[in-house]
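Undergrad: Below you'll find input-v1.tsv; it's TSV, C-alpha atoms.
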```tsv
chain	number	residue	atom	x	y	z
A	463	MET	CA	-24.97	-12.17	-11.14
A	464	GLY	CA	-25.54	-15.26	-8.98
A	465	ARG	CA	-25.73	-15.22	-5.20
A	466	ARG	CA	-22.23	-16.68	-4.86
A	467	SER	CA	-20.75	-14.04	-7.20
A	468	GLU	CA	-22.58	-11.30	-5.36
A	469	ARG	CA	-21.11	-12.41	-2.03
A	470	LEU	CA	-17.65	-12.59	-3.51
A	471	SER	CA	-17.92	-9.09	-4.90
A	472	LYS	CA	-18.89	-7.70	-1.52
A	473	GLN	CA	-15.68	-8.57	0.27
A	474	GLY	CA	-13.22	-9.68	-2.40
A	475	MET	CA	-12.75	-12.97	-0.51
A	476	LEU	CA	-14.63	-15.00	2.03
A	477	ALA	CA	-13.32	-16.96	4.98
A	478	SER	CA	-14.16	-20.28	3.34
A	479	ASP	CA	-12.25	-19.24	0.23
A	480	LEU	CA	-9.08	-18.76	2.22
A	481	THR	CA	-8.64	-22.41	3.07
A	482	GLY	CA	-9.93	-24.19	-0.02
A	483	ASP	CA	-13.21	-25.18	1.67
A	484	GLY	CA	-16.60	-25.17	0.00
A	485	ASP	CA	-16.63	-24.97	-3.77
A	486	VAL	CA	-13.11	-23.59	-4.22
A	487	ILE	CA	-11.01	-25.98	-6.30
A	488	GLN	CA	-8.17	-26.86	-3.95
A	489	VAL	CA	-5.51	-27.45	-6.59
A	490	VAL	CA	-6.03	-23.92	-7.94
A	491	SER	CA	-5.82	-22.49	-4.43
A	492	ARG	CA	-2.58	-24.39	-3.82
A	493	ALA	CA	-1.09	-23.21	-7.10
A	494	PHE	CA	-1.65	-19.61	-6.08
A	495	ASP	CA	-0.18	-20.35	-2.65
A	496	ILE	CA	2.99	-21.46	-4.41
A	497	LEU	CA	3.14	-18.34	-6.55
A	498	ARG	CA	2.74	-16.20	-3.43
A	499	CYS	CA	5.98	-17.67	-2.09
A	500	PHE	CA	7.89	-15.76	-4.78
A	501	GLU	CA	7.59	-12.40	-3.09
A	502	GLY	CA	10.31	-10.71	-5.13
A	503	HIS	CA	11.01	-10.97	-8.85
A	504	ASP	CA	14.49	-12.33	-8.05
A	505	ALA	CA	13.33	-14.88	-5.46
A	506	ARG	CA	14.70	-18.40	-6.10
A	507	LEU	CA	13.13	-21.32	-4.29
A	508	GLY	CA	13.41	-25.11	-4.44
A	509	ASN	CA	10.58	-27.56	-3.88
A	510	LEU	CA	11.64	-28.17	-0.28
A	511	GLU	CA	11.62	-24.45	0.54
A	512	ILE	CA	8.23	-24.01	-1.13
A	513	SER	CA	6.89	-27.03	0.74
A	514	ARG	CA	7.93	-25.53	4.07
A	515	ARG	CA	6.47	-22.12	3.26
A	516	CYS	CA	3.15	-23.47	2.01
A	517	GLY	CA	2.80	-26.35	4.45
A	518	LEU	CA	2.19	-28.74	1.54
A	519	PRO	CA	3.69	-32.21	0.92
A	520	ARG	CA	6.81	-32.04	-1.20
A	521	SER	CA	5.29	-34.44	-3.75
A	522	THR	CA	2.32	-32.10	-4.21
A	523	VAL	CA	4.62	-29.11	-4.59
A	524	SER	CA	6.71	-30.98	-7.16
A	525	ARG	CA	3.67	-31.72	-9.33
A	526	LEU	CA	2.42	-28.16	-9.12
A	527	THR	CA	5.76	-26.50	-9.83
A	528	HIS	CA	6.18	-28.78	-12.85
A	529	THR	CA	2.77	-27.68	-14.17
A	530	LEU	CA	3.40	-24.01	-13.40
A	531	THR	CA	6.73	-24.22	-15.21
A	532	ARG	CA	5.11	-25.70	-18.32
A	533	MET	CA	2.59	-22.85	-18.20
A	534	GLY	CA	5.38	-20.27	-17.97
A	535	GLN	CA	4.30	-19.05	-14.54
A	536	LEU	CA	7.59	-20.34	-13.12
A	537	ALA	CA	11.00	-20.79	-14.68
A	538	TYR	CA	13.29	-23.66	-13.65
A	539	LEU	CA	17.00	-22.93	-13.05
A	540	PRO	CA	18.88	-26.22	-13.64
A	541	GLY	CA	22.13	-24.97	-12.12
A	542	ASP	CA	20.46	-24.07	-8.86
A	543	GLN	CA	17.72	-26.70	-9.03
A	544	LYS	CA	15.34	-23.93	-8.05
A	545	TYR	CA	12.49	-21.94	-9.53
A	546	ARG	CA	11.84	-18.26	-10.04
A	547	VAL	CA	8.93	-16.21	-11.41
A	548	GLY	CA	8.39	-17.11	-15.08
A	549	PRO	CA	7.77	-14.97	-18.17
A	550	SER	CA	4.03	-15.60	-18.27
A	551	ALA	CA	3.60	-14.39	-14.71
A	552	VAL	CA	5.61	-11.25	-15.48
A	553	ALA	CA	3.62	-10.62	-18.66
A	554	MET	CA	0.33	-11.15	-16.84
A	555	SER	CA	1.21	-8.77	-14.02
A	556	THR	CA	2.40	-6.15	-16.51
A	557	SER	CA	-0.81	-6.45	-18.49
A	558	MET	CA	-2.92	-6.11	-15.35
A	559	MET	CA	-1.09	-2.91	-14.42
A	560	ARG	CA	-2.12	-1.13	-17.62
A	561	GLY	CA	-4.51	1.71	-17.11
A	562	LEU	CA	-3.54	2.20	-13.47
A	563	GLN	CA	-2.03	5.66	-13.99
A	564	VAL	CA	-3.70	6.64	-10.75
A	565	ARG	CA	-0.99	4.72	-8.92
A	566	ASN	CA	1.59	7.18	-10.20
A	567	LEU	CA	-0.43	9.99	-8.65
A	568	ILE	CA	-0.74	8.04	-5.42
A	569	ARG	CA	3.02	7.48	-5.37
A	570	LEU	CA	3.58	11.23	-5.69
A	571	ARG	CA	1.24	11.92	-2.77
A	572	LEU	CA	3.00	9.35	-0.61
A	573	GLN	CA	6.38	10.83	-1.42
A	574	GLU	CA	5.23	14.35	-0.59
A	575	VAL	CA	4.21	13.21	2.87
A	576	ALA	CA	7.40	11.15	3.28
A	577	GLU	CA	9.45	14.29	2.70
A	578	GLN	CA	7.83	15.89	5.73
A	579	ILE	CA	7.41	12.94	8.09
A	580	PRO	CA	10.40	10.86	9.26
A	581	GLY	CA	8.76	7.52	8.54
A	582	THR	CA	7.33	5.20	5.92
A	583	ILE	CA	4.15	5.89	3.97
A	584	GLY	CA	2.32	2.97	2.36
A	585	PHE	CA	-0.70	2.18	0.19
A	586	THR	CA	-1.61	-1.46	0.83
A	587	ILE	CA	-4.05	-4.13	-0.29
A	588	PRO	CA	-5.05	-7.38	1.49
A	589	ASP	CA	-3.89	-10.80	0.32
A	590	ARG	CA	-5.17	-13.65	2.50
A	591	PHE	CA	-3.69	-12.99	5.94
A	592	HIS	CA	-1.22	-10.33	4.80
A	593	MET	CA	-1.15	-6.76	3.55
A	594	VAL	CA	0.86	-6.02	0.41
A	595	TYR	CA	2.40	-2.65	-0.43
A	596	LEU	CA	1.02	-1.46	-3.78
A	597	GLU	CA	2.94	1.79	-3.42
A	598	TYR	CA	5.50	2.90	-0.88
A	599	ALA	CA	7.51	5.97	0.06
A	600	ARG	CA	10.11	6.47	2.76
A	601	ALA	CA	11.93	9.42	4.26
A	602	ASP	CA	15.67	9.20	3.63
A	603	HIS	CA	16.32	9.71	7.34
A	604	ALA	CA	13.78	7.12	8.53
A	605	LEU	CA	16.18	4.76	10.28
A	606	GLY	CA	14.95	1.27	11.12
A	607	LEU	CA	11.93	1.43	8.78
A	608	HIS	CA	12.42	-0.57	5.58
A	609	SER	CA	10.00	-2.01	3.03
A	610	VAL	CA	9.55	-1.87	-0.73
A	611	THR	CA	6.64	-2.02	-3.15
A	612	GLY	CA	5.42	-5.62	-3.18
A	613	SER	CA	6.52	-6.31	0.39
A	614	ARG	CA	4.11	-8.35	2.50
A	615	ILE	CA	3.43	-7.97	6.20
A	616	ALA	CA	1.10	-10.03	8.34
A	617	MET	CA	-2.26	-8.40	9.10
A	618	GLY	CA	-1.85	-9.08	12.80
A	619	ARG	CA	1.53	-7.32	12.84
A	620	SER	CA	0.66	-4.11	11.01
A	621	ALA	CA	-1.49	-1.03	11.57
A	622	ALA	CA	-2.72	-1.52	8.00
A	623	GLY	CA	-3.93	-5.03	8.80
A	624	HIS	CA	-5.66	-3.87	11.98
A	625	ALA	CA	-7.40	-1.08	10.06
A	626	TYR	CA	-8.48	-3.48	7.31
A	627	LEU	CA	-9.99	-5.98	9.77
A	628	ALA	CA	-11.74	-3.18	11.67
A	629	ALA	CA	-13.33	-1.89	8.45
A	630	LEU	CA	-14.82	-5.24	7.47
A	631	ASP	CA	-18.37	-6.21	8.26
A	632	GLU	CA	-18.21	-7.76	11.73
A	633	ASP	CA	-19.25	-11.25	10.60
A	634	PHE	CA	-16.71	-11.27	7.76
A	635	GLY	CA	-13.97	-9.95	10.03
A	636	ASN	CA	-14.65	-12.54	12.72
A	637	SER	CA	-14.68	-15.34	10.12
A	638	LEU	CA	-11.37	-14.16	8.72
A	639	MET	CA	-9.78	-14.19	12.17
A	640	THR	CA	-11.14	-17.70	12.76
A	641	GLU	CA	-9.53	-18.95	9.55
A	642	MET	CA	-6.32	-17.11	10.40
A	643	SER	CA	-6.16	-18.89	13.76
A	644	ARG	CA	-5.53	-22.19	11.93
A	645	GLU	CA	-2.38	-20.98	10.17
A	646	MET	CA	-1.27	-17.96	12.20
A	647	PRO	CA	-2.76	-18.39	15.71
A	648	GLU	CA	-0.55	-15.81	17.40
A	649	ASP	CA	-1.45	-13.12	14.87
A	650	SER	CA	-5.12	-14.03	15.14
A	651	ASN	CA	-4.96	-13.65	18.92
A	652	ILE	CA	-3.36	-10.21	18.58
A	653	LEU	CA	-6.15	-9.08	16.29
A	654	ARG	CA	-8.88	-10.51	18.51
A	655	SER	CA	-7.51	-8.76	21.56
A	656	ARG	CA	-7.66	-5.39	19.79
A	657	ILE	CA	-10.53	-5.71	17.35
A	658	GLU	CA	-13.22	-4.01	19.46
A	659	GLY	CA	-10.95	-1.09	20.29
A	660	ASN	CA	-9.93	-0.83	16.63
A	661	ARG	CA	-13.55	-0.80	15.46
A	662	ALA	CA	-14.38	1.90	18.00
A	663	SER	CA	-11.38	3.99	16.90
A	664	LEU	CA	-12.39	3.64	13.27
A	665	ARG	CA	-15.96	4.72	14.00
A	666	GLU	CA	-14.86	7.68	16.09
A	667	HIS	CA	-11.74	8.90	14.29
A	668	GLY	CA	-11.60	7.19	10.89
A	669	TYR	CA	-8.24	5.54	11.63
A	670	VAL	CA	-6.55	2.85	13.73
A	671	THR	CA	-3.26	3.01	15.62
A	672	ALA	CA	-1.02	0.05	16.47
A	673	GLY	CA	2.34	0.13	18.18
A	674	GLY	CA	4.90	-2.51	19.09
A	675	ILE	CA	3.27	-5.43	17.25
A	676	PHE	CA	5.67	-5.64	14.30
A	677	SER	CA	8.64	-4.33	16.27
A	678	PRO	CA	8.85	-2.69	19.70
A	679	HIS	CA	10.58	0.21	17.95
A	680	ILE	CA	7.82	0.94	15.43
A	681	THR	CA	4.36	2.44	15.79
A	682	GLY	CA	1.80	2.86	13.04
A	683	ILE	CA	-1.44	4.55	12.08
A	684	ALA	CA	-3.70	3.56	9.18
A	685	ALA	CA	-6.99	4.45	7.47
A	686	PRO	CA	-9.04	2.14	5.18
A	687	ILE	CA	-10.60	3.19	1.86
A	688	TRP	CA	-13.17	1.21	-0.11
A	689	SER	CA	-11.91	0.46	-3.63
A	690	PRO	CA	-14.64	-0.14	-6.25
A	691	GLN	CA	-11.94	-1.42	-8.61
A	692	TYR	CA	-10.67	-4.15	-6.29
A	693	GLN	CA	-13.96	-4.61	-4.39
A	694	THR	CA	-12.19	-4.56	-1.06
A	695	PHE	CA	-10.66	-2.10	1.38
A	696	VAL	CA	-7.24	-0.71	0.56
A	697	VAL	CA	-5.36	0.97	3.39
A	698	VAL	CA	-3.17	4.06	3.69
A	699	THR	CA	-0.65	3.67	6.49
A	700	ILE	CA	2.20	5.60	8.13
A	701	GLY	CA	4.93	3.93	10.20
A	702	LEU	CA	7.19	5.83	12.59
A	703	LEU	CA	9.76	5.23	15.29
A	704	ALA	CA	7.99	4.69	18.60
A	705	SER	CA	10.75	6.52	20.47
A	706	MET	CA	9.74	9.71	18.63
A	707	TYR	CA	5.95	9.26	18.53
A	708	ASP	CA	3.92	8.15	21.49
A	709	GLU	CA	0.15	7.66	21.18
A	710	ALA	CA	-0.62	11.31	21.99
A	711	ARG	CA	1.83	12.74	19.46
A	712	LEU	CA	0.69	10.24	16.85
A	713	GLN	CA	-2.91	11.39	17.17
A	714	GLN	CA	-2.14	15.09	17.45
A	715	GLU	CA	0.47	15.49	14.72
A	716	VAL	CA	0.28	12.52	12.37
A	717	ALA	CA	-3.44	11.66	12.32
A	718	PRO	CA	-4.45	14.94	10.57
A	719	VAL	CA	-1.82	14.30	7.91
A	720	LEU	CA	-2.98	10.71	7.43
A	721	MET	CA	-6.62	11.71	7.07
A	722	GLN	CA	-5.77	14.43	4.56
A	723	LEU	CA	-3.70	11.94	2.59
A	724	ALA	CA	-6.43	9.29	2.78
A	725	SER	CA	-9.00	11.83	1.57
A	726	ALA	CA	-6.86	12.71	-1.46
A	727	ILE	CA	-6.22	9.05	-2.31
A	728	ASP	CA	-9.87	8.17	-1.78
A	729	ALA	CA	-10.81	10.77	-4.42
A	730	MET	CA	-8.25	9.30	-6.81
A	731	VAL	CA	-9.48	5.75	-6.24
A	732	GLN	CA	-13.12	6.71	-6.81
A	733	ASN	CA	-12.30	8.79	-9.90
A	734	ALA	CA	-10.20	5.97	-11.35
A	735	GLU	CA	-13.22	3.68	-11.20
A	736	SER	CA	-15.23	6.36	-13.07
A	737	GLY	CA	-12.59	6.58	-15.78
A	738	LEU	CA	-11.37	9.96	-14.54
A	739	THR	CA	-7.89	11.04	-13.57
A	740	SER	CA	-7.40	13.14	-10.46
A	741	ALA	CA	-5.13	16.13	-10.81
A	742	PRO	CA	-2.20	16.16	-8.39
A	743	VAL	CA	-3.11	17.86	-5.14
A	744	ALA	CA	-0.37	18.77	-2.70
A	745	VAL	CA	-0.72	17.03	0.63
A	746	ALA	CA	1.07	18.77	3.48
A	747	PRO	CA	0.56	18.93	7.23
A	748	PRO	CA	-1.27	22.02	8.53
A	749	ARG	CA	1.13	24.75	9.62
A	750	SER	CA	0.27	24.19	13.26
A	751	LYS	CA	1.03	20.50	12.88
A	752	GLN	CA	4.42	20.61	11.18
A	753	ILE	CA	6.41	17.58	12.21
A	754	PRO	CA	9.99	18.39	13.27
A	755	LEU	CA	12.82	16.09	12.36
A	756	GLU	CA	14.88	16.58	15.49
A	757	SER	CA	16.98	13.76	16.87
A	758	VAL	CA	16.27	11.52	13.90
A	759	ASN	CA	19.91	10.78	13.16
A	760	ASP	CA	20.44	9.77	16.77
A	761	LEU	CA	17.92	6.95	16.61
A	762	GLU	CA	19.18	3.51	15.86
A	763	ALA	CA	16.01	1.48	16.37
A	764	GLY	CA	16.04	-1.96	14.80
A	765	ALA	CA	-11.26	7.94	4.27
A	766	ARG	CA	-11.70	11.20	4.12
A	767	GLY	CA	-11.27	13.76	6.86
A	768	PRO	CA	-11.07	14.01	10.62
A	769	ARG	CA	-14.58	12.53	10.83
A	770	PRO	CA	-15.00	8.73	10.41
A	771	ALA	CA	-14.08	7.69	6.87
A	772	ARG	CA	-17.05	7.67	4.53
A	773	SER	CA	-15.67	4.53	2.94
A	774	VAL	CA	-16.50	2.59	6.10
A	775	ARG	CA	-20.18	2.39	5.29
A	776	ALA	CA	-23.18	0.19	5.78
A	777	GLY	CA	-24.70	-2.17	3.27
A	778	ASP	CA	-23.41	-4.63	0.65
A	779	GLY	CA	-21.23	-6.47	3.18
A	780	ARG	CA	-19.29	-3.39	4.26
A	781	ARG	CA	-19.52	-1.47	7.52
```
Kindly return the structure encoded in the file as structure tokens.

TA:
Amino acid sequence: MGRRSERLSKQGMLASDLTGDGDVIQVVSRAFDILRCFEGHDARLGNLEISRRCGLPRSTVSRLTHTLTRMGQLAYLPGDQKYRVGPSAVAMSTSMMRGLQVRNLIRLRLQEVAEQIPGTIGFTIPDRFHMVYLEYARADHALGLHSVTGSRIAMGRSAAGHAYLAALDEDFGNSLMTEMSREMPEDSNILRSRIEGNRASLREHGYVTAGGIFSPHITGIAAPIWSPQYQTFVVVTIGLLASMYDEARLQQEVAPVLMQLASAIDAMVQNAESGLTSAPVAVAPPRSKQIPLESVNDLEAGARGPRPARSVRAGDGRR
């Protein structure tokens, strides 16, 4: 494998790749930017809306959407004069999901934790300057906390994003924040102001906490896991109402649950790469750390173990 391919495999993406610099073919990068605009299967967007979201000239967007439609990646709706995800994109994504039975096991683990914690439990993967929910579970009584599988949230606004940046090799992480500052300067500044503390927390505890950055009502905790399959860090995250969980309670009651969950998912992720299937393992808080559900209905607000995660390791571009 060539030097360029080796570097790509180390981090999944490089800072220069994020902006179309270097040897990345810009038209391909822009085409994927357009496809990213269609966050949900039912999303319908016109060229003007896509242009605003991507920051591209409308004429460029028009040419690319025409090409993507001919390829079947988009479908044009004459009545609305808008586009939606096309059959080829759906078929491609379905094909790529084959053989990922491990995600069903991960979903079960997330749901088990969600039944005991009044919050949202997510398994996320990075995409440029965002984190995307690959799997998601939510307690029925978790008021004010809403996402779905496939939802995207900015790295700078999520505990998952802060954990991901903290897990990266320092040079890669700093480069990513530099590139982010061009498109999302406020988010980049948030990350920069917390990156050293996040790296220290990850080294000491194996997780990162972040409160009030997405919403003043929500606090989060997250742990990164190295995925051999995706050649990047995926992140397990838990979001809760800040009015119920201050920093102390988050670390005392939720952190042990997160680390146990991350350890179970880490084993699944590693076994999946080896062609094995992990048997379901119940994930529940220790008896002394049971999380009560008191006062939940009154709120209307709008990896491995307790040691540092083994997946945050040295060598091959990772920490």

Undergrad: So the first atom is atom CA of A:Leu596 and the second is atom CA of A:Leu570; what is the distance between them in Å, to one decimal place?

TA: 13.1 Å

Undergrad: Report, in Å to a single decimal, how far apart atom CA of A:Ser521 and atom CA of A:Gln543 are.

TA: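 Separation between atom CA of A:Gln543 and atom CA of A:Ser521: 15.6 Å.
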
Undergrad: Please identify all polymer residues within 12 Å of A:Gly682, counting only C-alpha atoms, omitting same-chain residues fewer than 5 positions from it, and present them as a VMD selection string.

TA: chain A and resid 581 to 584 607 619 to 625 669 to 677 698 to 704 706 to 709 711 to 713 716 to 717 720

Undergrad: Go ahead and find all residues with at least one atom no further than 7 Å from (-4.1, -15.2, 11.8) in the file's coordinates, using all atoms listed in the file; report them as an MDAnalysis selection string.

TA: chainID A and resid 591 618 639 641:643 645:650

Undergrad: Would you work out the distance separating atom CA of A:Pro549 from atom CA of A:Met533, expressed in Å to one decimal?

TA: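 Going from atom CA of A:Pro549 over to atom CA of A:Met533, I get 9.4 Å.
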
Undergrad: Compile the contact shell of A:Arg515 as number ranges by chain: residues with an atom at most 10 Å away, counting only C-alpha atoms, same-chain residues fewer than 2 positions apart removed.

TA: A: 495-496, 498-499, 509-513, 517-518

Undergrad: Counting only C-alpha atoms, which of A:Phe634, A:Phe695, A:Tyr595, A:Trp688 gets nearest to A:Ala729?

TA: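 The closest residue to A:Ala729 is A:Trp688.
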
Undergrad: The residues within 9 Å of (-10.8, -3.7, 6.0), using all atoms listed in the file and the coordinates of the file, should be reported as number ranges by chain; which are they?

TA: A: 473, 588, 622-631, 635, 686-688, 694-697, 774, 780

Undergrad: Show me, as lines of an AutoDock Vina configuration file, the centre and edge lengths in Å to one decimal of the axis-aligned box that covers every listed atom of stretch 517-532 of chain A with 4 Å on each side.

TA:
```
center_x = 4.5
center_y = -29.2
center_z = -6.9
size_x = 12.6
size_y = 18.4
size_z = 30.8
```
